[in-house]
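J.: Here you go, my_file_28.csv (CSV, C-alpha atoms):
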```
chain,number,residue,atom,x,y,z
R,1,MET,CA,8.2,-10.8,-16.0
R,2,ASP,CA,8.4,-8.9,-19.2
R,3,ALA,CA,7.2,-5.4,-18.5
R,4,ILE,CA,6.7,-1.9,-19.8
R,5,ALA,CA,6.4,1.1,-17.4
R,6,THR,CA,5.1,4.3,-18.9
R,7,ILE,CA,5.5,7.4,-16.7
R,8,SER,CA,3.8,10.7,-17.6
R,9,ALA,CA,5.1,13.7,-15.7
R,10,GLU,CA,5.5,17.4,-15.7
R,11,ALA,CA,8.9,19.1,-15.2
R,12,VAL,CA,8.9,21.5,-12.3
R,13,GLN,CA,12.3,22.7,-13.5
R,14,GLY,CA,14.4,22.4,-16.7
R,15,LEU,CA,15.8,18.8,-17.0
R,16,SER,CA,18.9,17.8,-18.9
R,17,ARG,CA,18.8,14.6,-16.8
R,18,PHE,CA,16.6,13.0,-14.2
R,19,ASN,CA,16.6,9.9,-11.9
R,20,LEU,CA,14.2,7.1,-11.0
R,21,ASP,CA,14.6,4.3,-8.5
R,22,PHE,CA,14.9,0.9,-10.0
R,23,LEU,CA,16.7,-2.1,-8.6
R,24,GLY,CA,17.8,-5.4,-10.1
R,25,LEU,CA,15.8,-6.1,-13.2
R,26,GLU,CA,17.3,-6.0,-16.7
R,27,ILE,CA,16.6,-2.8,-18.6
R,28,GLN,CA,16.1,-3.4,-22.4
R,29,SER,CA,15.4,0.2,-23.5
R,30,VAL,CA,14.5,3.7,-22.2
R,31,LYS,CA,12.7,6.3,-24.2
R,32,VAL,CA,11.6,9.8,-23.5
R,33,ASN,CA,8.8,11.2,-25.6
R,34,GLY,CA,9.3,8.2,-27.9
R,35,VAL,CA,13.0,8.8,-28.5
R,36,ASP,CA,15.8,6.6,-27.2
R,37,ALA,CA,17.4,8.1,-24.1
R,38,ALA,CA,20.8,7.4,-22.6
R,39,HIS,CA,20.7,5.7,-19.2
R,40,SER,CA,23.0,4.4,-16.5
R,41,ARG,CA,22.4,2.7,-13.2
R,42,ASP,CA,24.2,2.8,-9.9
R,43,GLY,CA,22.5,0.5,-7.3
R,44,ARG,CA,18.9,1.6,-7.3
R,45,GLU,CA,19.5,5.0,-9.0
R,46,LEU,CA,18.6,5.0,-12.7
R,47,ALA,CA,19.9,8.1,-14.3
R,48,ILE,CA,18.2,9.0,-17.6
R,49,THR,CA,19.5,11.6,-20.1
R,50,PRO,CA,16.9,12.5,-22.8
R,51,ALA,CA,18.0,13.2,-26.3
R,52,LYS,CA,16.5,16.7,-25.9
R,53,ALA,CA,16.4,18.6,-22.7
R,54,ILE,CA,13.0,19.0,-21.1
R,55,SER,CA,11.8,22.6,-20.4
R,56,THR,CA,10.2,23.9,-17.2
R,57,GLY,CA,6.4,23.1,-17.3
R,58,GLU,CA,6.7,20.6,-20.1
R,59,THR,CA,4.8,17.4,-19.9
R,60,PHE,CA,6.8,14.4,-21.0
R,61,THR,CA,6.6,10.6,-21.1
R,62,THR,CA,9.2,8.1,-20.1
R,63,THR,CA,8.9,4.5,-21.2
R,64,VAL,CA,11.1,1.7,-19.7
R,65,LEU,CA,11.1,-1.8,-21.2
R,66,TYR,CA,12.5,-4.4,-18.8
R,67,ARG,CA,12.4,-8.0,-17.8
R,68,GLY,CA,13.6,-10.5,-15.2
R,69,SER,CA,12.6,-12.1,-11.9
R,70,PRO,CA,12.0,-9.4,-9.3
R,71,GLU,CA,13.6,-10.2,-5.9
R,72,PRO,CA,12.5,-8.7,-2.6
R,73,ARG,CA,15.1,-6.5,-0.8
R,74,SER,CA,16.0,-6.2,2.8
R,75,THR,CA,15.7,-2.8,4.6
R,76,LYS,CA,16.8,-1.5,8.0
R,77,ALA,CA,13.3,-0.2,8.7
R,78,ILE,CA,11.5,-3.5,8.9
R,79,PRO,CA,12.5,-7.1,9.8
R,80,ILE,CA,11.0,-8.7,6.6
R,81,ALA,CA,11.9,-8.4,3.0
R,82,VAL,CA,10.0,-5.9,0.9
R,83,GLY,CA,9.0,-5.8,-2.7
R,84,TRP,CA,7.8,-8.6,-4.9
R,85,ILE,CA,7.1,-11.8,-2.9
R,86,ALA,CA,6.7,-15.1,-4.7
R,87,THR,CA,4.7,-17.8,-2.8
R,88,GLY,CA,5.2,-20.8,-5.2
R,89,ASN,CA,1.6,-20.6,-6.5
R,90,GLY,CA,1.3,-16.9,-6.8
R,91,SER,CA,2.8,-13.6,-5.8
R,92,TYR,CA,2.0,-10.3,-4.1
R,93,VAL,CA,3.9,-7.1,-3.2
R,94,LEU,CA,4.8,-5.5,0.1
R,95,ASN,CA,6.3,-2.1,-0.8
R,96,GLU,CA,6.6,-0.1,2.5
R,97,PRO,CA,8.9,1.7,2.7
R,98,GLU,CA,11.1,1.1,-0.3
R,99,GLY,CA,10.0,-2.1,-2.1
R,100,ALA,CA,8.1,-0.6,-5.2
R,101,SER,CA,11.4,0.0,-7.0
R,102,THR,CA,12.2,-3.7,-7.0
R,103,TRP,CA,9.5,-4.3,-9.6
R,104,TYR,CA,8.9,-1.1,-11.5
R,105,PRO,CA,10.9,2.2,-12.1
R,106,VAL,CA,9.5,5.0,-10.0
R,107,ASN,CA,10.4,7.9,-7.8
R,108,ASP,CA,10.0,5.7,-4.7
R,109,HIS,CA,9.3,8.4,-2.2
R,110,PRO,CA,6.0,9.1,-0.2
R,111,SER,CA,5.9,12.7,-1.3
R,112,ASP,CA,5.6,11.8,-5.1
R,113,LYS,CA,2.0,10.6,-5.8
R,114,ALA,CA,0.4,9.6,-9.1
R,115,SER,CA,-2.6,7.9,-10.6
R,116,TYR,CA,-1.9,4.3,-11.8
R,117,THR,CA,-3.2,2.0,-14.5
R,118,PHE,CA,-2.1,-1.7,-14.3
R,119,HIS,CA,-2.3,-4.0,-17.3
R,120,VAL,CA,-1.4,-7.5,-16.2
R,121,ILE,CA,-1.2,-10.5,-18.5
R,122,VAL,CA,-1.3,-13.9,-16.7
R,123,PRO,CA,-2.0,-17.5,-17.8
R,124,ASP,CA,-5.7,-18.5,-17.7
R,125,GLY,CA,-6.5,-20.0,-14.3
R,126,TYR,CA,-4.8,-17.2,-12.3
R,127,SER,CA,-6.5,-14.2,-10.9
R,128,VAL,CA,-5.2,-10.7,-10.5
R,129,ILE,CA,-6.1,-8.0,-8.0
R,130,ALA,CA,-4.6,-4.5,-7.9
R,131,ASN,CA,-5.4,-1.0,-6.5
R,132,GLY,CA,-8.6,0.7,-7.6
R,133,ASN,CA,-11.3,-0.6,-9.9
R,134,LEU,CA,-11.2,-3.5,-12.4
R,135,VAL,CA,-11.7,-1.8,-15.7
R,136,ASN,CA,-11.8,-4.9,-17.9
R,137,LYS,CA,-10.7,-8.5,-18.1
R,138,THR,CA,-9.9,-9.6,-21.7
R,139,PRO,CA,-8.8,-13.0,-23.0
R,140,THR,CA,-5.8,-12.7,-25.3
R,141,GLY,CA,-6.7,-15.9,-27.3
R,142,ASP,CA,-3.5,-17.7,-26.5
R,143,GLY,CA,-4.3,-19.1,-23.1
R,144,HIS,CA,-3.7,-15.8,-21.2
R,145,THR,CA,-6.0,-13.0,-19.9
R,146,THR,CA,-5.3,-9.3,-19.5
R,147,TRP,CA,-6.6,-7.8,-16.3
R,148,THR,CA,-6.7,-3.9,-16.2
R,149,TYR,CA,-7.1,-2.0,-13.0
R,150,GLU,CA,-7.2,1.8,-12.6
R,151,GLU,CA,-6.6,3.9,-9.5
R,152,LYS,CA,-7.4,7.5,-10.4
R,153,ALA,CA,-6.7,9.0,-7.0
R,154,PRO,CA,-3.1,10.1,-6.3
R,155,MET,CA,-1.2,7.2,-4.7
R,156,ALA,CA,2.3,7.0,-3.2
R,157,SER,CA,4.5,4.2,-4.6
R,158,TYR,CA,4.7,2.3,-1.4
R,159,LEU,CA,0.9,1.9,-1.4
R,160,THR,CA,0.7,0.1,-4.8
R,161,GLN,CA,-0.6,-3.5,-4.7
R,162,LEU,CA,-0.5,-6.3,-7.2
R,163,ALA,CA,-1.4,-9.9,-6.3
R,164,ILE,CA,-1.6,-12.9,-8.5
R,165,GLY,CA,-3.0,-16.3,-7.5
R,166,ASP,CA,-6.1,-18.2,-6.8
R,167,PHE,CA,-8.6,-15.8,-5.3
R,168,ARG,CA,-12.3,-15.7,-4.6
R,169,PHE,CA,-13.7,-12.3,-5.4
R,170,SER,CA,-16.8,-10.6,-4.0
R,171,THR,CA,-18.2,-7.1,-4.5
R,172,THR,CA,-21.0,-5.7,-2.3
R,173,PRO,CA,-22.4,-2.1,-1.8
R,174,GLY,CA,-21.1,-0.4,1.2
R,175,PRO,CA,-22.2,2.8,3.1
R,176,ASP,CA,-22.4,6.1,1.2
R,177,GLY,CA,-22.0,4.4,-2.2
R,178,VAL,CA,-18.6,2.9,-1.5
R,179,ALA,CA,-18.2,-0.4,-3.2
R,180,ILE,CA,-16.5,-3.1,-1.0
R,181,ARG,CA,-14.6,-5.6,-3.1
R,182,ASN,CA,-12.5,-8.4,-1.5
R,183,ALA,CA,-10.2,-10.9,-3.0
R,184,PHE,CA,-9.6,-13.8,-0.6
R,185,ALA,CA,-7.2,-16.7,-1.3
R,186,SER,CA,-9.6,-19.5,-2.1
R,187,PRO,CA,-8.6,-21.9,0.7
R,188,LEU,CA,-9.2,-19.1,3.2
R,189,ALA,CA,-12.2,-17.5,1.7
R,190,ASP,CA,-15.0,-18.9,3.8
R,191,ASP,CA,-13.3,-17.9,7.1
R,192,ALA,CA,-12.1,-14.6,5.7
R,193,THR,CA,-15.6,-13.7,4.7
R,194,ILE,CA,-16.5,-13.8,8.4
R,195,ASP,CA,-13.4,-12.1,9.6
R,196,PHE,CA,-13.9,-9.1,7.3
R,197,SER,CA,-17.7,-8.9,7.6
R,198,ARG,CA,-17.7,-5.8,9.8
R,199,THR,CA,-15.9,-3.7,7.2
R,200,PRO,CA,-19.1,-1.7,6.3
R,201,GLU,CA,-19.7,-0.9,9.9
R,202,MET,CA,-16.1,0.3,10.3
R,203,LEU,CA,-16.4,2.5,7.2
R,204,GLN,CA,-19.5,4.1,8.7
R,205,LEU,CA,-17.8,4.8,12.0
R,206,PHE,CA,-14.7,6.3,10.5
R,207,ALA,CA,-16.6,8.4,8.0
R,208,ALA,CA,-18.5,9.9,11.0
R,209,ASP,CA,-15.2,10.5,12.9
R,210,PHE,CA,-12.8,11.5,10.1
R,211,GLY,CA,-15.0,12.6,7.2
R,212,PRO,CA,-16.2,10.9,4.0
R,213,TYR,CA,-14.2,7.9,2.9
R,214,PRO,CA,-11.6,9.4,0.5
R,215,PHE,CA,-11.9,6.8,-2.4
R,216,ASP,CA,-14.7,5.1,-4.3
R,217,VAL,CA,-13.8,1.5,-3.5
R,218,TYR,CA,-12.4,-0.4,-0.6
R,219,GLY,CA,-11.6,-4.0,0.3
R,220,ALA,CA,-9.0,-6.5,1.4
R,221,VAL,CA,-6.8,-9.0,-0.3
R,222,VAL,CA,-5.9,-12.0,1.8
R,223,VAL,CA,-3.0,-14.1,0.6
R,224,ASN,CA,-2.2,-17.7,1.5
R,225,ASP,CA,1.1,-16.9,3.2
R,226,ARG,CA,2.0,-16.6,6.8
R,227,THR,CA,4.5,-13.9,7.7
R,228,GLN,CA,2.5,-11.9,10.3
R,229,PHE,CA,1.9,-8.8,8.3
R,230,ALA,CA,-0.8,-6.4,7.1
R,231,LEU,CA,-0.4,-3.3,5.0
R,232,GLU,CA,-2.7,-0.4,4.1
R,233,THR,CA,-2.2,-0.5,0.3
R,234,GLN,CA,-4.5,2.1,-1.2
R,235,THR,CA,-8.2,0.9,-1.6
R,236,LEU,CA,-7.0,-2.7,-1.0
R,237,SER,CA,-5.4,-3.5,2.3
R,238,ILE,CA,-3.4,-6.7,2.3
R,239,PHE,CA,-3.4,-9.3,5.0
R,240,ASP,CA,-1.8,-12.7,5.4
R,241,SER,CA,-3.4,-15.9,6.7
R,242,SER,CA,-2.5,-15.2,10.3
R,243,PHE,CA,-5.4,-12.7,10.4
R,244,VAL,CA,-7.9,-15.4,9.4
R,245,ASP,CA,-9.7,-17.6,11.9
R,246,GLY,CA,-13.4,-17.4,11.0
R,247,SER,CA,-14.3,-14.9,13.8
R,248,VAL,CA,-14.9,-11.2,14.0
R,249,ASP,CA,-13.2,-11.1,17.5
R,250,GLY,CA,-10.0,-9.2,17.5
R,251,ASP,CA,-10.6,-7.4,14.2
R,252,GLU,CA,-8.8,-4.3,15.4
R,253,ALA,CA,-6.0,-4.9,12.8
R,254,ILE,CA,-8.7,-4.7,10.1
R,255,ALA,CA,-9.9,-1.4,11.5
R,256,HIS,CA,-6.2,-0.2,11.7
R,257,GLU,CA,-5.6,-0.7,8.0
R,258,LEU,CA,-8.9,0.9,7.1
R,259,ALA,CA,-8.1,4.0,9.2
R,260,HIS,CA,-4.9,4.3,7.2
R,261,GLN,CA,-7.0,5.0,4.0
R,262,TRP,CA,-7.6,8.5,5.5
R,263,PHE,CA,-4.2,8.8,7.3
R,264,GLY,CA,-1.3,7.5,5.3
R,265,ASP,CA,-3.1,6.9,2.0
R,266,SER,CA,-5.3,10.0,1.2
R,267,LEU,CA,-3.2,12.2,3.6
R,268,THR,CA,0.4,11.1,3.1
R,269,PRO,CA,3.4,12.5,5.0
R,270,SER,CA,6.0,14.3,2.9
R,271,SER,CA,8.9,12.4,4.5
R,272,TRP,CA,9.3,9.1,6.4
R,273,LYS,CA,10.4,10.9,9.6
R,274,ASP,CA,6.7,11.8,10.1
R,275,ILE,CA,5.5,8.2,10.0
R,276,TRP,CA,3.8,8.7,13.4
R,277,LEU,CA,1.1,10.6,11.5
R,278,ASN,CA,0.2,7.4,9.7
R,279,GLU,CA,0.5,4.9,12.5
R,280,GLY,CA,-0.7,7.2,15.4
R,281,PHE,CA,-4.0,7.8,13.7
R,282,ALA,CA,-4.4,4.2,12.6
R,283,THR,CA,-3.7,3.0,16.2
R,284,TYR,CA,-6.2,5.6,17.4
R,285,GLY,CA,-8.6,4.1,14.9
R,286,GLU,CA,-8.2,0.7,16.6
R,287,TRP,CA,-9.2,2.4,19.9
R,288,LEU,CA,-12.2,4.0,18.3
R,289,TRP,CA,-13.4,0.7,16.9
R,290,HIS,CA,-12.7,-1.1,20.2
R,291,GLU,CA,-14.8,1.5,22.0
R,292,HIS,CA,-17.6,1.1,19.4
R,293,VAL,CA,-17.9,-2.6,19.7
R,294,SER,CA,-17.1,-3.2,23.3
R,295,GLY,CA,-18.0,0.0,25.1
R,296,THR,CA,-14.4,0.4,26.4
R,297,PRO,CA,-13.6,4.1,26.7
R,298,ILE,CA,-10.7,5.3,24.7
R,299,ALA,CA,-9.2,6.7,27.9
R,300,LEU,CA,-8.8,3.1,29.2
R,301,SER,CA,-7.1,1.9,26.0
R,302,ALA,CA,-4.8,4.9,26.2
R,303,HIS,CA,-3.9,4.3,29.9
R,304,ALA,CA,-3.3,0.6,29.3
R,305,VAL,CA,-0.8,1.4,26.6
R,306,TYR,CA,0.8,4.2,28.6
R,307,ASP,CA,1.4,2.0,31.6
R,308,GLN,CA,3.3,-0.5,29.4
R,309,LEU,CA,5.6,2.0,27.7
R,310,ASN,CA,9.3,1.7,28.7
R,311,GLY,CA,12.3,3.3,27.1
R,312,THR,CA,10.9,3.8,23.7
R,313,ALA,CA,12.1,6.5,21.3
R,314,LEU,CA,10.0,9.6,20.6
R,315,PRO,CA,7.5,9.4,17.7
R,316,GLY,CA,8.9,12.4,15.8
R,317,ASP,CA,11.7,11.4,13.5
R,318,PRO,CA,12.4,8.0,15.0
R,319,GLY,CA,15.2,7.1,12.7
R,320,VAL,CA,15.3,4.4,10.0
R,321,GLU,CA,15.9,1.5,12.4
R,322,HIS,CA,12.9,2.5,14.5
R,323,LEU,CA,10.6,3.6,11.7
R,324,PHE,CA,7.9,1.1,12.7
R,325,ASP,CA,8.7,0.9,16.4
R,326,VAL,CA,5.4,-0.1,18.0
R,327,GLY,CA,6.0,1.7,21.3
R,328,ALA,CA,7.5,4.9,19.8
R,329,VAL,CA,5.6,5.4,16.6
R,330,TYR,CA,2.3,3.5,17.0
R,331,ASP,CA,1.5,3.8,20.7
R,332,ARG,CA,3.2,7.1,21.5
R,333,GLY,CA,1.7,8.5,18.3
R,334,ALA,CA,-1.8,7.5,19.4
R,335,LEU,CA,-1.2,8.8,22.9
R,336,THR,CA,-0.2,12.1,21.4
R,337,LEU,CA,-3.5,12.3,19.6
R,338,GLN,CA,-5.3,11.5,22.9
R,339,ALA,CA,-3.4,14.2,24.7
R,340,LEU,CA,-4.4,16.7,21.9
R,341,ARG,CA,-8.0,15.5,22.1
R,342,LEU,CA,-8.2,16.0,25.8
R,343,THR,CA,-6.6,19.5,25.5
```
So, in terms of structure tokens, how does the structure I just supplied come out?
T.:
Amino acid sequence: MDAIATISAEAVQGLSRFNLDFLGLEIQSVKVNGVDAAHSRDGRELAITPAKAISTGETFTTTVLYRGSPEPRSTKAIPIAVGWIATGNGSYVLNEPEGASTWYPVNDHPSDKASYTFHVIVPDGYSVIANGNLVNKTPTGDGHTTWTYEEKAPMASYLTQLAIGDFRFSTTPGPDGVAIRNAFASPLADDATIDFSRTPEMLQLFAADFGPYPFDVYGAVVVNDRTQFALETQTLSIFDSSFVDGSVDGDEAIAHELAHQWFGDSLTPSSWKDIWLNEGFATYGEWLWHEHVSGTPIALSAHAVYDQLNGTALPGDPGVEHLFDVGAVYDRGALTLQALRLT
């Protein structure tokens, strides 16, 4: 990729220097307010020293010009690589918890949220999907097309999504004026249309339970890859082909990622040690959906999980190596909510 990242920010204190997270790619230039800035990098830490110090309350713009082939990185928190994933005929990103900084410079921390605009230039014949709304799609005249997406709602860096490939798009009206737009890998699109057909019903259920859907668009991107993952990227949850079988049976994972739009995306923990607030509510969302479609009381779902727990860590501050521990964070988190509800 050849890329430009432009970051608008406000200084909450005087800054003679500031840091961003950025790993691996070649930096060609860094400017602050249009003026060349000194910079150095130590691992993922990019230290920037502007030519003129920035005052408290001042709004400033940082522009980083860079290039290279982004590589995913390993993390102790999850058993698969995170960041930019190339599939041979396309690519997508899995950023949670620290993959965003493998493909753009950012303060890669859940507490620091921003609005985003993506301008992505790809060869004709490729499609692009990203967070938020498609603003325009413009041919460049040289065999490429620029796709522009905009997500105006504040978004944590780990929730950004950008996928490039062969997708079939659909946009339909959902409940309460929420547009539902999906991008399914073309070979999977027919089956995926069935798998995700109950999304409007889920939206209606969760809006009744949690309050209005917090964004103006929702949908899923399904990539033609098989690594057993799904992730609640904001307004556009991502799933791999293992979730596609042409049936609505067992669509609790789809409900799980949708519930995250309220808990994790709109409401984001200030630090990773509180990850159970994301996963506990999303797991509870699965139970709510299961109760809705099957009539199984939530109490039974909770007891079934409780009876299988054995030796798991506690949900609060599970540590980096147990950040996504199913028993400790997901199940115990949801059981905590059930205990609170009963109380």
J.: Taking only residues of range 179-246 of chain R that have an atom at most 10 Å from an atom of range 123-147 of chain R, what is each one's shortest atom pair and its distance in Å to one decimal, using all atoms listed in the file, in chain and number order, as a Markdown table?
T.:
```
| residue | atom | partner | partner_atom | distance |
| --- | --- | --- | --- | --- |
| R:Ala179 | CA | R:Asn133 | CA | 9.6 |
| R:Arg181 | CA | R:Asn133 | CA | 9.1 |
| R:Asn182 | CA | R:Ile129 | CA | 9.1 |
| R:Ala183 | CA | R:Ile129 | CA | 7.1 |
| R:Ala185 | CA | R:Ser127 | CA | 9.9 |
| R:Phe215 | CA | R:Gly132 | CA | 8.7 |
| R:Asp216 | CA | R:Gly132 | CA | 8.2 |
| R:Val217 | CA | R:Gly132 | CA | 6.7 |
| R:Tyr218 | CA | R:Gly132 | CA | 8.0 |
| R:Gly219 | CA | R:Gly132 | CA | 9.7 |
| R:Ala220 | CA | R:Ile129 | CA | 10.0 |
| R:Val221 | CA | R:Ile129 | CA | 7.8 |
| R:Thr233 | CA | R:Asn131 | CA | 7.5 |
| R:Gln234 | CA | R:Asn131 | CA | 6.2 |
| R:Thr235 | CA | R:Asn131 | CA | 6.0 |
| R:Leu236 | CA | R:Asn131 | CA | 6.0 |
| R:Ser237 | CA | R:Asn131 | CA | 9.1 |
```
J.: What lies within 12 Å of Gly88 in chain R using only C-alpha atoms, ignoring chain neighbours under 2 positions off, as a PyMOL selection string?
T.: chain R and resi 85-86+90-92+164-166+224-225
J.: Taking into account only C-alpha atoms, which residue in the set R:Gly246, R:Pro269, R:Leu288, R:Ile78 is nearest to Phe229 in chain R?
T.: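 With only C-alpha atoms as the atom set, the closest residue is R:Ile78.
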J.: Using only C-alpha atoms, which of R:Ala81, R:Leu94, R:Val106, R:Val35 sits nearest Ala9 in chain R?
T.: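 Checking each candidate against Ala9 in chain R, we get R:Val106 as the closest.
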J.: Nearest to Leu203 in chain R among R:Thr148, R:Ala259, R:Gly250, R:Pro173, with distances taken over only C-alpha atoms: which residue is it?
T.: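 Smallest distance to Leu203 in chain R is found for R:Ala259.
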J.: Do a neighbour search on range 294-311 of chain R at 9 Å with only C-alpha atoms, toss out local chain neighbours closer than 2 positions, and write the hits as a PDB file with C-alpha atoms, in the frame of the given file.
T.:
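selection-v1.pdb written:
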```pdb
ATOM      1  CA  TYR R 284      -6.200   5.600  17.400  1.00  0.00           C
ATOM      2  CA  TRP R 287      -9.200   2.400  19.900  1.00  0.00           C
ATOM      3  CA  LEU R 288     -12.200   4.000  18.300  1.00  0.00           C
ATOM      4  CA  TRP R 289     -13.400   0.700  16.900  1.00  0.00           C
ATOM      5  CA  HIS R 290     -12.700  -1.100  20.200  1.00  0.00           C
ATOM      6  CA  GLU R 291     -14.800   1.500  22.000  1.00  0.00           C
ATOM      7  CA  HIS R 292     -17.600   1.100  19.400  1.00  0.00           C
ATOM      8  CA  ALA R 313      12.100   6.500  21.300  1.00  0.00           C
ATOM      9  CA  GLY R 327       6.000   1.700  21.300  1.00  0.00           C
ATOM     10  CA  ALA R 328       7.500   4.900  19.800  1.00  0.00           C
ATOM     11  CA  ASP R 331       1.500   3.800  20.700  1.00  0.00           C
ATOM     12  CA  ARG R 332       3.200   7.100  21.500  1.00  0.00           C
ATOM     13  CA  ALA R 334      -1.800   7.500  19.400  1.00  0.00           C
ATOM     14  CA  LEU R 335      -1.200   8.800  22.900  1.00  0.00           C
ATOM     15  CA  GLN R 338      -5.300  11.500  22.900  1.00  0.00           C
TER      16      GLN R 338
END
```
J.: Restricting the calculation to all atoms listed in the file: of R:Asp274, R:Glu321, R:Glu151, R:Glu96, which residue gets closest to Glu232 in chain R?
T.: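 Checking each of R:Asp274, R:Glu321, R:Glu151, R:Glu96 against Glu232 in chain R, counting all atoms listed in the file, the winner is R:Glu96.
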J.: Work out how far CA of Phe184 in chain R is from CA of Thr171 in chain R, in Å to one decimal.
T.: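 Taking CA of Thr171 in chain R as the start and CA of Phe184 in chain R as the end point, the length is 11.6 Å.
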J.: Give me the residues near Thr199 in chain R as number ranges by chain, where near means some atom within 9 Å (using all atoms listed in the file) and where sequence neighbours in that chain fewer than 5 positions away do not count.
T.: R: 174, 180, 204, 219, 254-255, 258
J.: I'd like the neighbourhood of Phe263 in chain R as an MDAnalysis selection string, where a residue qualifies if any of its atoms comes within 12 Å (using all atoms listed in the file), though same-chain residues fewer than 2 positions away should be ignored.
T.: chainID R and resid 206 210:211 213:214 232:234 256:261 265:269 274:285
J.: Which residues are near Gly68 in chain R? Cut-off 10 Å, only C-alpha atoms, ignore same chain within fewer than 3 positions. Put them as a CSV table (one decimal) with C-alpha atoms, keeping the file's coordinate frame.
T.:
```csv
chain,number,residue,atom,x,y,z
R,1,MET,CA,8.2,-10.8,-16.0
R,2,ASP,CA,8.4,-8.9,-19.2
R,3,ALA,CA,7.2,-5.4,-18.5
R,24,GLY,CA,17.8,-5.4,-10.1
R,25,LEU,CA,15.8,-6.1,-13.2
R,26,GLU,CA,17.3,-6.0,-16.7
R,27,ILE,CA,16.6,-2.8,-18.6
R,71,GLU,CA,13.6,-10.2,-5.9
R,103,TRP,CA,9.5,-4.3,-9.6
```
J.: Just the number, please: distance in Å from CA of Val178 in chain R to CA of Ala114 in chain R, one decimal.
T.: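 Taking CA of Val178 in chain R and CA of Ala114 in chain R, their separation equals 21.5 Å.
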J.: Hey, which of R:Val64, R:Thr56, R:Lys76, R:Leu159 ends up closest to Ser29 in chain R? Count only C-alpha atoms.
T.: R:Val64
J.: Distance CA of Ala153 in chain R-CA of Trp262 in chain R, one decimal place?
T.: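 Between these atoms lies a distance of 12.5 Å.
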J.: Name the residues, using the chain letters and numbers of the file, that sit within 10 Å of (0.3, 4.9, -13.8) when counting only C-alpha atoms, and give them as a list in words.
T.: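 Residues lying no farther than 10 Å from the given point: Ala5, Thr6, Ile7, Ser8, Val106, Lys113, Ala114, Ser115, Tyr116, Thr117, Phe118, His119, Glu150, Glu151, Lys152, Pro154 and Met155 of chain R.
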J.: Hey, which of R:Pro212, R:Gly177, R:Gly316, R:Gly83 ends up closest to Asp108 in chain R? Count all atoms listed in the file.
T.: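 Of the candidates, the smallest distance to Asp108 in chain R is held by R:Gly83.
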J.: So which residues are close to (7.3, -11.6, 13.1), meaning at most 12 Å away in the file's coordinates with all atoms listed in the file counted, and can you show them as a PDB file with C-alpha atoms, keeping the file's coordinate frame?
T.:
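And here's selection_37.pdb as it stands now:
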```pdb
ATOM      1  CA  ILE R  78      11.500  -3.500   8.900  1.00  0.00           C
ATOM      2  CA  PRO R  79      12.500  -7.100   9.800  1.00  0.00           C
ATOM      3  CA  ILE R  80      11.000  -8.700   6.600  1.00  0.00           C
ATOM      4  CA  ALA R  81      11.900  -8.400   3.000  1.00  0.00           C
ATOM      5  CA  ARG R 226       2.000 -16.600   6.800  1.00  0.00           C
ATOM      6  CA  THR R 227       4.500 -13.900   7.700  1.00  0.00           C
ATOM      7  CA  GLN R 228       2.500 -11.900  10.300  1.00  0.00           C
ATOM      8  CA  PHE R 229       1.900  -8.800   8.300  1.00  0.00           C
ATOM      9  CA  ALA R 230      -0.800  -6.400   7.100  1.00  0.00           C
ATOM     10  CA  ASP R 240      -1.800 -12.700   5.400  1.00  0.00           C
ATOM     11  CA  SER R 242      -2.500 -15.200  10.300  1.00  0.00           C
TER      12      SER R 242
END
```
